[in-house]
Amino acid sequence: MYKAGDQSPWWIVGLFIPVVNFVALIFLLMAFIKIVQKLGKNPWLILLTIVPLVNFVVLYNFAFG
């Protein structure tokens with residue numbers, strides 16, 4: 001995900017370090033936003049992935065829509 005979102009893949013290691021994982025999570029979110037923008041979709045749809053059952057519809061829309 002990081003590489004597809006133009007972020008450094010080393011942030012994956014940061015997800016496993018206790019304090020650094022919050023920063024790595026922010027960079028993961030930024031990578032998701034860039035990926036969604038490259039797909040031509042609205043970045044606010046990422047917030048819908050938090051809602052259970054709605055996230056399947058949103059991810060399907062990202063993948064095949």
# chains A, B, ... in the order shown; residues from 1 in each chain; ligands from 1
call {"tool": "residues_around", "arguments": {"residues": "Val58 in chain A", "least_positions_apart": "5", "cutoff": "8 Å", "atoms": "only C-alpha atoms", "output": "list in words"}}
result
Leu45, Leu48 and Thr49 of chain A
call {"tool": "residues_around", "arguments": {"residues": "Ile12 in chain A", "least_positions_apart": "2", "cutoff": "10 Å", "atoms": "only C-alpha atoms", "output": "list in words"}}
result
Met1, Tyr2, Ser8, Pro9, Trp10, Gly14, Leu15, Phe16, Ile17, Asn21, Ala24, Leu25, Phe27 and Leu28 of chain A
call {"tool": "select_by_dssp", "arguments": {"residues": "chain A", "states": "alpha helix (DSSP H)", "output": "number ranges by chain"}}
result
A: 11-14, 20-38, 54-64
call {"tool": "write_last_selection", "arguments": {"atoms": "N, CA, C and O atoms", "output": "compact mmCIF listing (two decimals), in the first residue's frame"}}
result
# COMPACT_ATOMS: atom_id res chain seq x y z
N TRP A 11 7.80 2.29 6.16
CA TRP A 11 6.80 2.59 7.19
C TRP A 11 6.09 1.32 7.67
O TRP A 11 5.48 1.31 8.74
N ILE A 12 6.19 0.24 6.91
CA ILE A 12 5.62 -1.03 7.35
C ILE A 12 6.32 -1.49 8.62
O ILE A 12 5.70 -2.00 9.55
N VAL A 13 7.64 -1.31 8.67
CA VAL A 13 8.40 -1.65 9.88
C VAL A 13 7.94 -0.77 11.04
O VAL A 13 7.84 -1.21 12.18
N GLY A 14 7.63 0.49 10.73
CA GLY A 14 7.18 1.41 11.77
C GLY A 14 5.87 1.02 12.41
O GLY A 14 5.58 1.41 13.53
N VAL A 20 6.09 4.64 17.21
CA VAL A 20 6.19 5.06 15.81
C VAL A 20 4.97 4.61 15.01
O VAL A 20 4.66 5.20 13.98
N ASN A 21 4.23 3.63 15.51
CA ASN A 21 3.12 3.11 14.74
C ASN A 21 2.01 4.14 14.52
O ASN A 21 1.30 4.08 13.53
N PHE A 22 1.87 5.12 15.40
CA PHE A 22 0.87 6.17 15.19
C PHE A 22 1.26 7.04 13.99
O PHE A 22 0.41 7.39 13.18
N VAL A 23 2.53 7.34 13.87
CA VAL A 23 3.01 8.12 12.73
C VAL A 23 2.90 7.29 11.45
O VAL A 23 2.47 7.78 10.40
N ALA A 24 3.24 6.01 11.54
CA ALA A 24 3.14 5.13 10.38
C ALA A 24 1.69 4.97 9.93
O ALA A 24 1.41 4.88 8.74
N LEU A 25 0.77 4.98 10.88
CA LEU A 25 -0.64 4.89 10.55
C LEU A 25 -1.11 6.13 9.80
O LEU A 25 -1.91 6.03 8.85
N ILE A 26 -0.60 7.28 10.16
CA ILE A 26 -0.93 8.52 9.44
C ILE A 26 -0.40 8.45 8.01
O ILE A 26 -1.10 8.83 7.06
N PHE A 27 0.82 7.95 7.85
CA PHE A 27 1.37 7.82 6.51
C PHE A 27 0.61 6.76 5.69
O PHE A 27 0.47 6.90 4.47
N LEU A 28 0.09 5.73 6.35
CA LEU A 28 -0.73 4.74 5.66
C LEU A 28 -2.03 5.39 5.18
O LEU A 28 -2.47 5.14 4.05
N LEU A 29 -2.62 6.23 6.00
CA LEU A 29 -3.82 6.94 5.61
C LEU A 29 -3.55 7.87 4.43
O LEU A 29 -4.34 7.96 3.50
N MET A 30 -2.39 8.54 4.46
CA MET A 30 -2.02 9.41 3.34
C MET A 30 -1.82 8.59 2.06
O MET A 30 -2.18 9.04 0.96
N ALA A 31 -1.27 7.39 2.20
CA ALA A 31 -1.10 6.51 1.03
C ALA A 31 -2.45 6.09 0.48
O ALA A 31 -2.65 6.07 -0.74
N PHE A 32 -3.41 5.77 1.36
CA PHE A 32 -4.75 5.41 0.91
C PHE A 32 -5.40 6.58 0.16
O PHE A 32 -6.05 6.38 -0.86
N ILE A 33 -5.21 7.79 0.67
CA ILE A 33 -5.80 8.97 0.02
C ILE A 33 -5.21 9.15 -1.38
O ILE A 33 -5.94 9.42 -2.33
N LYS A 34 -3.90 8.98 -1.52
CA LYS A 34 -3.29 9.12 -2.85
C LYS A 34 -3.76 8.04 -3.81
O LYS A 34 -3.97 8.30 -4.99
N ILE A 35 -3.93 6.82 -3.31
CA ILE A 35 -4.41 5.74 -4.17
C ILE A 35 -5.83 6.03 -4.65
O ILE A 35 -6.15 5.86 -5.83
N VAL A 36 -6.68 6.49 -3.75
CA VAL A 36 -8.06 6.79 -4.11
C VAL A 36 -8.12 7.95 -5.09
O VAL A 36 -8.91 7.94 -6.04
N GLN A 37 -7.26 8.95 -4.91
CA GLN A 37 -7.21 10.06 -5.85
C GLN A 37 -6.74 9.61 -7.22
O GLN A 37 -7.23 10.09 -8.25
N LYS A 38 -5.78 8.67 -7.26
CA LYS A 38 -5.32 8.14 -8.55
C LYS A 38 -6.44 7.37 -9.25
O LYS A 38 -6.48 7.32 -10.47
N VAL A 54 -20.58 -1.57 5.38
CA VAL A 54 -20.49 -0.56 4.33
C VAL A 54 -19.10 -0.62 3.70
O VAL A 54 -18.94 -0.35 2.51
N ASN A 55 -18.11 -1.03 4.50
CA ASN A 55 -16.75 -1.07 3.98
C ASN A 55 -16.61 -2.07 2.82
O ASN A 55 -15.82 -1.84 1.92
N PHE A 56 -17.39 -3.14 2.81
CA PHE A 56 -17.32 -4.09 1.70
C PHE A 56 -17.81 -3.44 0.41
O PHE A 56 -17.24 -3.65 -0.66
N VAL A 57 -18.85 -2.64 0.51
CA VAL A 57 -19.39 -1.96 -0.67
C VAL A 57 -18.40 -0.92 -1.18
O VAL A 57 -18.17 -0.81 -2.39
N VAL A 58 -17.78 -0.18 -0.27
CA VAL A 58 -16.83 0.85 -0.67
C VAL A 58 -15.59 0.21 -1.30
O VAL A 58 -15.10 0.67 -2.34
N LEU A 59 -15.06 -0.83 -0.70
CA LEU A 59 -13.90 -1.50 -1.26
C LEU A 59 -14.21 -2.14 -2.61
O LEU A 59 -13.38 -2.15 -3.51
N TYR A 60 -15.42 -2.67 -2.77
CA TYR A 60 -15.83 -3.20 -4.07
C TYR A 60 -15.87 -2.08 -5.10
O TYR A 60 -15.47 -2.25 -6.25
N ASN A 61 -16.36 -0.92 -4.68
CA ASN A 61 -16.41 0.24 -5.57
C ASN A 61 -15.01 0.68 -5.96
O ASN A 61 -14.78 1.05 -7.11
N PHE A 62 -14.07 0.67 -5.01
CA PHE A 62 -12.69 1.03 -5.33
C PHE A 62 -12.08 0.03 -6.31
O PHE A 62 -11.37 0.40 -7.23
N ALA A 63 -12.36 -1.24 -6.11
CA ALA A 63 -11.72 -2.27 -6.92
C ALA A 63 -12.33 -2.39 -8.32
O ALA A 63 -11.59 -2.53 -9.29
N PHE A 64 -13.63 -2.34 -8.40
CA PHE A 64 -14.28 -2.63 -9.68
C PHE A 64 -15.10 -1.47 -10.24
O PHE A 64 -15.65 -1.59 -11.32
